[in-house]
Structure formats: structure tokens, C-alpha cells
$ cat entry16.pdb   # PDB, C-alpha atoms
ATOM      1  CA  MET A   1      -5.905  24.992   5.420
ATOM      2  CA  TYR A   2      -7.088  24.960   9.022
ATOM      3  CA  THR A   3      -5.295  22.031  10.671
ATOM      4  CA  PRO A   4      -5.593  21.342  14.416
ATOM      5  CA  LYS A   5      -2.373  19.844  15.731
ATOM      6  CA  HIS A   6      -3.872  16.372  16.271
ATOM      7  CA  PHE A   7      -4.915  16.225  12.581
ATOM      8  CA  SER A   8      -1.575  17.385  11.172
ATOM      9  CA  GLU A   9       0.461  14.901   9.118
ATOM     10  CA  PRO A  10       4.033  16.205   8.747
ATOM     11  CA  ASP A  11       5.673  13.022   7.442
ATOM     12  CA  LEU A  12       6.943  13.648   3.892
ATOM     13  CA  GLU A  13       6.864   9.948   2.988
ATOM     14  CA  VAL A  14       3.242   9.615   4.100
ATOM     15  CA  MET A  15       2.189  12.692   2.128
ATOM     16  CA  SER A  16       4.153  11.563  -0.935
ATOM     17  CA  ALA A  17       2.462   8.161  -0.794
ATOM     18  CA  LEU A  18      -0.988   9.776  -0.827
ATOM     19  CA  ILE A  19      -0.060  11.839  -3.891
ATOM     20  CA  GLN A  20       1.169   8.730  -5.707
ATOM     21  CA  ASN A  21      -1.860   6.642  -4.708
ATOM     22  CA  TYR A  22      -4.384   9.404  -5.496
ATOM     23  CA  PRO A  23      -2.634  11.318  -8.308
ATOM     24  CA  LEU A  24      -5.654  13.258  -9.618
ATOM     25  CA  GLY A  25      -4.941  16.700  -8.199
ATOM     26  CA  THR A  26      -6.903  19.940  -8.314
ATOM     27  CA  LEU A  27      -4.596  22.669  -9.597
ATOM     28  CA  ILE A  28      -5.738  26.078  -8.345
ATOM     29  CA  THR A  29      -4.366  29.222  -9.979
ATOM     30  CA  VAL A  30      -5.133  32.923  -9.657
ATOM     31  CA  GLU A  31      -5.358  34.499 -13.089
ATOM     32  CA  GLU A  32      -6.488  37.805 -14.576
ATOM     33  CA  ASP A  33     -10.096  36.620 -14.727
ATOM     34  CA  GLY A  34     -10.056  35.262 -11.179
ATOM     35  CA  ILE A  35      -9.553  31.868  -9.564
ATOM     36  CA  ASN A  36      -9.221  28.865 -11.889
ATOM     37  CA  ALA A  37      -9.214  25.134 -11.131
ATOM     38  CA  ASN A  38      -7.989  22.295 -13.338
ATOM     39  CA  HIS A  39      -8.155  18.596 -12.493
ATOM     40  CA  LEU A  40      -5.039  16.744 -13.672
ATOM     41  CA  PRO A  41      -3.281  13.423 -13.058
ATOM     42  CA  PHE A  42       0.123  14.348 -11.633
ATOM     43  CA  GLU A  43       3.441  12.551 -11.638
ATOM     44  CA  PHE A  44       5.318  12.961  -8.356
ATOM     45  CA  ILE A  45       9.097  13.371  -8.644
ATOM     46  CA  ALA A  46      11.018  12.349  -5.533
ATOM     47  CA  PRO A  47      12.803  15.029  -3.487
ATOM     48  CA  ALA A  48      16.266  16.090  -4.612
ATOM     49  CA  GLN A  49      18.871  18.501  -3.274
ATOM     50  CA  ASP A  50      17.301  21.521  -4.988
ATOM     51  CA  THR A  51      13.696  20.313  -4.471
ATOM     52  CA  PRO A  52      13.479  19.000  -0.872
ATOM     53  CA  PHE A  53       9.704  18.493  -1.162
ATOM     54  CA  GLY A  54       9.812  16.933  -4.617
ATOM     55  CA  SER A  55       8.193  18.147  -7.838
ATOM     56  CA  LEU A  56       4.884  17.654  -9.618
ATOM     57  CA  ARG A  57       4.605  17.138 -13.368
ATOM     58  CA  ALA A  58       1.534  17.048 -15.568
ATOM     59  CA  HIS A  59       0.287  18.201 -18.950
ATOM     60  CA  ILE A  60      -2.648  20.231 -20.201
ATOM     61  CA  ALA A  61      -4.321  20.774 -23.547
ATOM     62  CA  ARG A  62      -2.527  23.431 -25.568
ATOM     63  CA  GLY A  63      -5.946  25.001 -26.025
ATOM     64  CA  ASN A  64      -6.251  25.466 -22.253
ATOM     65  CA  PRO A  65      -5.685  29.206 -21.624
ATOM     66  CA  LEU A  66      -3.994  28.431 -18.298
ATOM     67  CA  TRP A  67      -0.479  28.446 -19.749
ATOM     68  CA  LYS A  68      -1.027  31.780 -21.477
ATOM     69  CA  ASN A  69      -2.764  33.524 -18.583
ATOM     70  CA  LEU A  70      -0.360  32.271 -15.927
ATOM     71  CA  ASN A  71       1.458  34.787 -13.748
ATOM     72  CA  SER A  72       4.787  33.027 -13.231
ATOM     73  CA  ALA A  73       5.438  35.050 -10.067
ATOM     74  CA  GLN A  74       2.200  33.806  -8.468
ATOM     75  CA  GLU A  75       2.235  30.669  -6.310
ATOM     76  CA  VAL A  76      -0.176  27.876  -7.222
ATOM     77  CA  LEU A  77      -1.854  25.237  -5.067
ATOM     78  CA  VAL A  78      -2.500  21.581  -5.890
ATOM     79  CA  ILE A  79      -4.915  19.624  -3.679
ATOM     80  CA  PHE A  80      -4.771  15.840  -3.491
ATOM     81  CA  GLN A  81      -7.753  14.069  -1.907
ATOM     82  CA  GLY A  82      -7.192  10.645  -0.349
ATOM     83  CA  PRO A  83      -9.768   8.365   1.326
ATOM     84  CA  SER A  84     -12.832   9.991   2.882
ATOM     85  CA  ALA A  85     -15.891   8.650   4.686
ATOM     86  CA  TYR A  86     -18.946   9.711   6.650
ATOM     87  CA  ILE A  87     -18.710   8.821  10.341
ATOM     88  CA  THR A  88     -22.019   8.088  12.066
ATOM     89  CA  PRO A  89     -22.355   8.941  15.789
ATOM     90  CA  ALA A  90     -23.870   5.476  16.241
ATOM     91  CA  TRP A  91     -20.260   4.203  16.427
ATOM     92  CA  TYR A  92     -19.431   6.344  19.482
ATOM     93  CA  GLU A  93     -19.690   4.846  22.965
ATOM     94  CA  GLU A  94     -21.095   8.144  24.269
ATOM     95  CA  LYS A  95     -24.175   7.578  22.082
ATOM     96  CA  LYS A  96     -25.271   4.845  24.519
ATOM     97  CA  LEU A  97     -24.504   6.917  27.610
ATOM     98  CA  SER A  98     -25.775  10.449  26.993
ATOM     99  CA  GLY A  99     -26.562  10.782  23.306
ATOM    100  CA  LYS A 100     -24.343  13.881  23.216
ATOM    101  CA  VAL A 101     -22.658  13.077  19.927
ATOM    102  CA  VAL A 102     -22.840  14.364  16.365
ATOM    103  CA  PRO A 103     -21.727  12.957  13.002
ATOM    104  CA  THR A 104     -18.567  14.028  11.207
ATOM    105  CA  TYR A 105     -16.605  13.345   8.036
ATOM    106  CA  ASN A 106     -13.116  11.848   7.926
ATOM    107  CA  TYR A 107     -10.613  12.563   5.168
ATOM    108  CA  ALA A 108      -6.943  12.704   4.263
ATOM    109  CA  VAL A 109      -5.627  15.488   2.041
ATOM    110  CA  VAL A 110      -2.334  16.991   0.912
ATOM    111  CA  HIS A 111      -1.852  20.588  -0.213
ATOM    112  CA  ALA A 112       1.197  21.236  -2.396
ATOM    113  CA  HIS A 113       2.446  24.796  -3.002
ATOM    114  CA  GLY A 114       4.914  26.075  -5.574
ATOM    115  CA  LYS A 115       5.405  28.154  -8.701
ATOM    116  CA  LEU A 116       4.265  26.592 -11.967
ATOM    117  CA  GLN A 117       6.646  26.342 -14.902
ATOM    118  CA  ILE A 118       5.550  25.779 -18.508
ATOM    119  CA  MET A 119       7.522  22.987 -20.219
ATOM    120  CA  ASP A 120       7.150  23.507 -23.967
ATOM    121  CA  ASP A 121       9.771  20.898 -24.855
ATOM    122  CA  ALA A 122       9.044  17.769 -26.894
ATOM    123  CA  GLN A 123      11.682  15.576 -25.218
ATOM    124  CA  TRP A 124      10.599  16.609 -21.718
ATOM    125  CA  LEU A 125       6.993  15.925 -22.636
ATOM    126  CA  LEU A 126       7.770  12.491 -24.094
ATOM    127  CA  ARG A 127       9.686  11.443 -20.966
ATOM    128  CA  HIS A 128       6.828  12.665 -18.790
ATOM    129  CA  LEU A 129       4.215  10.781 -20.820
ATOM    130  CA  GLN A 130       6.274   7.601 -20.698
ATOM    131  CA  SER A 131       6.738   7.846 -16.931
ATOM    132  CA  LEU A 132       3.096   8.751 -16.222
ATOM    133  CA  THR A 133       1.864   5.939 -18.459
ATOM    134  CA  GLN A 134       4.154   3.399 -16.797
ATOM    135  CA  GLN A 135       2.869   4.489 -13.390
ATOM    136  CA  HIS A 136      -0.761   3.861 -14.326
ATOM    137  CA  GLU A 137      -0.285   0.843 -16.600
ATOM    138  CA  SER A 138       1.905  -1.133 -14.194
ATOM    139  CA  GLN A 139      -1.091  -2.973 -12.724
ATOM    140  CA  GLN A 140      -2.474  -4.046 -16.106
ATOM    141  CA  ALA A 141      -2.037  -7.623 -17.322
ATOM    142  CA  ASN A 142      -0.653  -6.322 -20.631
ATOM    143  CA  PRO A 143       0.655  -2.818 -19.951
ATOM    144  CA  TRP A 144       0.249  -0.315 -22.763
ATOM    145  CA  GLN A 145       3.301   1.749 -23.657
ATOM    146  CA  VAL A 146       3.569   5.088 -25.372
ATOM    147  CA  SER A 147       5.647   3.412 -28.083
ATOM    148  CA  ASP A 148       2.667   1.171 -28.924
ATOM    149  CA  ALA A 149       1.063   4.117 -30.728
ATOM    150  CA  PRO A 150       2.179   4.860 -34.320
ATOM    151  CA  ASP A 151       4.923   7.482 -34.285
ATOM    152  CA  ASP A 152       3.138   9.944 -36.585
ATOM    153  CA  TYR A 153      -0.053   9.663 -34.503
ATOM    154  CA  LEU A 154       1.922  10.176 -31.278
ATOM    155  CA  GLN A 155       3.659  13.260 -32.653
ATOM    156  CA  LYS A 156       0.310  14.711 -33.710
ATOM    157  CA  MET A 157      -1.209  14.093 -30.268
ATOM    158  CA  MET A 158       1.819  15.615 -28.515
ATOM    159  CA  THR A 159       1.475  18.863 -30.446
ATOM    160  CA  ALA A 160      -1.946  19.270 -28.810
ATOM    161  CA  ILE A 161      -0.589  19.312 -25.238
ATOM    162  CA  ILE A 162       1.977  21.217 -23.220
ATOM    163  CA  GLY A 163       3.833  20.207 -20.055
ATOM    164  CA  ILE A 164       3.798  21.824 -16.638
ATOM    165  CA  GLU A 165       6.136  21.351 -13.672
ATOM    166  CA  ILE A 166       5.811  22.578 -10.090
ATOM    167  CA  PRO A 167       8.881  22.391  -7.835
ATOM    168  CA  VAL A 168       7.083  22.018  -4.509
ATOM    169  CA  THR A 169       8.081  24.557  -1.857
ATOM    170  CA  GLN A 170       5.580  23.518   0.811
ATOM    171  CA  LEU A 171       3.585  20.366   1.590
ATOM    172  CA  ASN A 172       0.769  20.333   4.155
ATOM    173  CA  GLY A 173      -0.971  17.129   5.164
ATOM    174  CA  LYS A 174      -4.230  16.851   7.089
ATOM    175  CA  TRP A 175      -5.345  13.405   8.248
ATOM    176  CA  LYS A 176      -8.733  13.818   9.958
ATOM    177  CA  THR A 177      -9.056  10.156  10.921
ATOM    178  CA  SER A 178     -10.678  10.175  14.381
ATOM    179  CA  GLN A 179      -7.417  10.722  16.268
ATOM    180  CA  ASN A 180      -9.392  12.862  18.737
ATOM    181  CA  ARG A 181     -11.721  10.001  19.705
ATOM    182  CA  PRO A 182     -11.151   7.413  22.478
ATOM    183  CA  ALA A 183      -9.562   4.088  21.531
ATOM    184  CA  GLN A 184     -12.880   2.193  21.731
ATOM    185  CA  ASP A 185     -14.557   4.696  19.401
ATOM    186  CA  ARG A 186     -11.725   4.325  16.886
ATOM    187  CA  SER A 187     -12.090   0.564  17.029
ATOM    188  CA  ASN A 188     -15.866   0.862  16.507
ATOM    189  CA  ILE A 189     -15.385   3.293  13.614
ATOM    190  CA  ALA A 190     -12.891   1.042  11.835
ATOM    191  CA  ALA A 191     -15.162  -1.982  12.295
ATOM    192  CA  GLY A 192     -18.186  -0.057  11.027
ATOM    193  CA  LEU A 193     -16.350   1.213   7.972
ATOM    194  CA  ARG A 194     -15.192  -2.295   7.092
ATOM    195  CA  LEU A 195     -18.847  -3.374   6.904
ATOM    196  CA  ASN A 196     -19.347  -0.971   3.992
ATOM    197  CA  ASP A 197     -18.971  -2.538   0.571
ATOM    198  CA  ASP A 198     -16.556  -0.039  -0.956
ATOM    199  CA  THR A 199     -12.797   0.307  -1.098
ATOM    200  CA  THR A 200     -12.812   3.938   0.067
ATOM    201  CA  SER A 201     -14.439   3.025   3.379
ATOM    202  CA  HIS A 202     -11.946   0.208   3.819
ATOM    203  CA  ALA A 203      -9.059   2.584   3.098
ATOM    204  CA  MET A 204     -10.357   4.991   5.732
ATOM    205  CA  ALA A 205     -10.753   2.109   8.199
ATOM    206  CA  ALA A 206      -7.044   1.388   7.734
ATOM    207  CA  LEU A 207      -6.168   5.024   8.434
ATOM    208  CA  VAL A 208      -8.349   5.107  11.557
ATOM    209  CA  SER A 209      -6.706   1.924  12.797
ATOM    210  CA  ARG A 210      -3.242   3.357  12.141
TER
END

$ encode --input "entry16.pdb" --output "C-alpha cells"
Amino acid sequence: MYTPKHFSEPDLEVMSALIQNYPLGTLITVEEDGINANHLPFEFIAPAQDTPFGSLRAHIARGNPLWKNLNSAQEVLVIFQGPSAYITPAWYEEKKLSGKVVPTYNYAVVHAHGKLQIMDDAQWLLRHLQSLTQQHESQQANPWQVSDAPDDYLQKMMTAIIGIEIPVTQLNGKWKTSQNRPAQDRSNIAAGLRLNDDTTSHAMAALVSR
């Protein structure tokens, strides 16, 4: 990923927070038939002594050929996309002075690298499903739990999926959030984004202001 120095985000906590807040990642693998992409909700496991960048866990349908075609020696890439927004040149002060401005697009992304491991273990899978469910149900008024499903139904559903884990070996963050613009432009951009009636624009406004 091309990342000019002023757009680089090296802070592990900041990158981890984006993964947890935007957990739908694009898993990119190179297989015998070429490049493959799968879109999966990931669970982020905090860094430990043997995994200084943390780990990613998810599950796929057992019918997905990914786990059979995988070259375990090949590194995979998972892309997490945070807030993004179109930036109009009308928000730049230079627009009034010379008109020498062009539009751009702001975004925040994290690229996670590592080797994918297949986790064909019922207990591992159950713990993963419980943790992933808790993560996403925590904001619900009456959180659903895995144990709410009948045991025989749950066992049947679990036989149709298989777990994957990626001990992350490299994390790259790119926050293209108008850091290269003057302070007044950044203020104008944040104000303009807040006028939009969508949460993504507001999230980007917060990043620009940061």
C-alpha cells in the first residue's frame, strides 16, 4: 500500500480500534486459480507475547473452497475499511484565491498480513462464535446468545462452517484525513462533513479534526 509519511498511522491501538469498530474485512488469498477475496466479520484478539500484533479469527462456510485450496506457506492480506468521504474543493481557502484546487477522497484503512491457519476444532469454533456474537450483540437491548439456539440446531449449523485464524505479522495503517492541508482547510472540511446527514461523514469529520 502506497503510504506517504504524513498519511501513515503507526499506532497499534489506533489500528486495532479501527478493526474492532469496522470488523468486516476483505480477506485476500492467492490460490491455484488466482487471486481470491472473501468478505468476513473478524474477531480481533489482543496482542500477546507470541503475537505482538494480535490475531484475527473468523469462520467460513465448509463449502467454501478456500480452506482446501489454501497454500499454508503463502501470506494472506486482510483489509479493513474505516470511515471514508468525498472532499469537495469548495472547502479549501485556495478556491477563493486562485481556484487551483481539485477534489479528493479521504479514508482510513488497515492492512493486516499473516499466514492463515485452518481451525477444524468444535471447541475452538464454539468459543469463537460466542465471542464474536457477544461483540456484536452487546449494543442490543436484549442481547442474543449462542446458547439461545437449541443445542441440536446449533451443532448442525456448526458442522457447516470451519474456523480460520491469522496470527498477524504486520499491520499497516493509512489515515488519509487531510493532514496535508492548512489548519483552516481542515476546519472547513470538518464543518462541511458535519453538515452531511450520515454517520460516515461525521466519523470522517472527527478524524480530520483529530

$ atom_distance --input "entry16.pdb" --atom1 "atom CA of A:Ile118" --atom2 "atom CA of A:Lys68"
9.4 Å

$ residues_around --input "entry16.pdb" --residues "A:Leu12" --least-positions-apart "5" --cutoff "12 Å" --atoms "all atoms listed in the file" --output "ChimeraX atom specification"
/A:17-19,46-47,52-54,110-112,168,170-173

$ closest_residue --input "entry16.pdb" --among "A:Trp175, A:Phe80, A:Trp144, A:Tyr107" --to "A:Ile28" --atoms "all atoms listed in the file"
A:Phe80

$ closest_residue --input "entry16.pdb" --among "A:Ser187, A:Val76, A:Arg181, A:Met204" --to "A:Glu94" --atoms "all atoms listed in the file"
A:Arg181

$ residues_around --input "entry16.pdb" --residues "A:Pro89" --least-positions-apart "4" --cutoff "7 Å" --atoms "only C-alpha atoms" --output "PDB file with C-alpha atoms, keeping the file's coordinate frame"
ATOM      1  CA  LYS A  95     -24.175   7.578  22.082  1.00  0.00           C
ATOM      2  CA  VAL A 101     -22.658  13.077  19.927  1.00  0.00           C
ATOM      3  CA  VAL A 102     -22.840  14.364  16.365  1.00  0.00           C
ATOM      4  CA  PRO A 103     -21.727  12.957  13.002  1.00  0.00           C
TER       5      PRO A 103
END

$ closest_residue --input "entry16.pdb" --among "A:Ser209, A:Thr88, A:Gln155, A:Asn188" --to "A:Thr104" --atoms "all atoms listed in the file"
A:Thr88

$ atom_distance --input "entry16.pdb" --atom1 "atom CA of A:Phe7" --atom2 "atom CA of A:Ser84"
14.0 Å

$ atom_distance --input "entry16.pdb" --atom1 "atom CA of A:Met158" --atom2 "atom CA of A:Thr29"
23.8 Å

$ residues_around --input "entry16.pdb" --residues "A:Asn106" --least-positions-apart "2" --cutoff "7 Å" --atoms "all atoms listed in the file" --output "number ranges by chain"
A: 84-87, 104, 176-177

$ residues_near_point --input "entry16.pdb" --point "(3.3, 24.7, -20.3)" --cutoff "8 Å" --atoms "only C-alpha atoms" --output "NGL selection string"
:A and (59-60 or 62 or 67 or 117-120 or 162-165)

$ axis_aligned_box --input "entry16.pdb" --around "stretch 82-93 of chain A" --padding-each-side "5 Å" --output "AutoDock Vina command-line options"
--center_x -15.5 --center_y 7.4 --center_z 11.3 --size_x 26.7 --size_y 16.4 --size_z 33.3

$ closest_residue --input "entry16.pdb" --among "A:Asn64, A:Gln145, A:Ser55, A:Ser16" --to "A:Asn38" --atoms "all atoms listed in the file"
A:Asn64

$ resolve_selection --input "entry16.pdb" --expression "the PyMOL selection byres ((chain A and resi 4) around 12)" --output "ChimeraX atom specification"
/A:1-3,5-9,173-176,179-180

$ closest_residue --input "entry16.pdb" --among "A:Gln49, A:Gln184, A:Asn196, A:Ser72" --to "A:Leu116" --atoms "all atoms listed in the file"
A:Ser72

$ closest_residue --input "entry16.pdb" --among "A:Gly25, A:Pro83, A:Gln20, A:Pro10" --to "A:Asp198" --atoms "all atoms listed in the file"
A:Pro83

$ residues_around --input "entry16.pdb" --residues "A:Leu132" --least-positions-apart "2" --cutoff "10 Å" --atoms "all atoms listed in the file" --output "list in words"
Pro41, Phe42, Glu43, Phe44, Arg57, Ala58, Leu126, Arg127, His128, Leu129, Gln130, Gln134, Gln135, His136, Glu137 and Val146 of chain A

$ resolve_selection --input "entry16.pdb" --expression "the PyMOL selection byres ((chain A and resi 32) around 12)" --output "mmCIF file with C-alpha atoms, in the frame of the given file"
data_model
loop_
_atom_site.group_PDB
_atom_site.id
_atom_site.type_symbol
_atom_site.label_atom_id
_atom_site.label_comp_id
_atom_site.auth_asym_id
_atom_site.auth_seq_id
_atom_site.Cartn_x
_atom_site.Cartn_y
_atom_site.Cartn_z
ATOM 1 C CA THR A 29 -4.366 29.222 -9.979
ATOM 2 C CA VAL A 30 -5.133 32.923 -9.657
ATOM 3 C CA GLU A 31 -5.358 34.499 -13.089
ATOM 4 C CA ASP A 33 -10.096 36.620 -14.727
ATOM 5 C CA GLY A 34 -10.056 35.262 -11.179
ATOM 6 C CA ILE A 35 -9.553 31.868 -9.564
ATOM 7 C CA ASN A 36 -9.221 28.865 -11.889
ATOM 8 C CA PRO A 65 -5.685 29.206 -21.624
ATOM 9 C CA LEU A 66 -3.994 28.431 -18.298
ATOM 10 C CA LYS A 68 -1.027 31.780 -21.477
ATOM 11 C CA ASN A 69 -2.764 33.524 -18.583
ATOM 12 C CA LEU A 70 -0.360 32.271 -15.927
ATOM 13 C CA ASN A 71 1.458 34.787 -13.748
ATOM 14 C CA GLN A 74 2.200 33.806 -8.468
#

$ resolve_selection --input "entry16.pdb" --expression "the PyMOL selection byres ((chain A and resi 190) around 10)" --output "list of chain:residue names"
A:Ile87, A:Trp91, A:Thr177, A:Ser178, A:Gln184, A:Asp185, A:Arg186, A:Ser187, A:Asn188, A:Ile189, A:Ala191, A:Gly192, A:Leu193, A:Arg194, A:Leu195, A:Ser201, A:His202, A:Ala203, A:Met204, A:Ala205, A:Ala206, A:Leu207, A:Val208, A:Ser209, A:Arg210
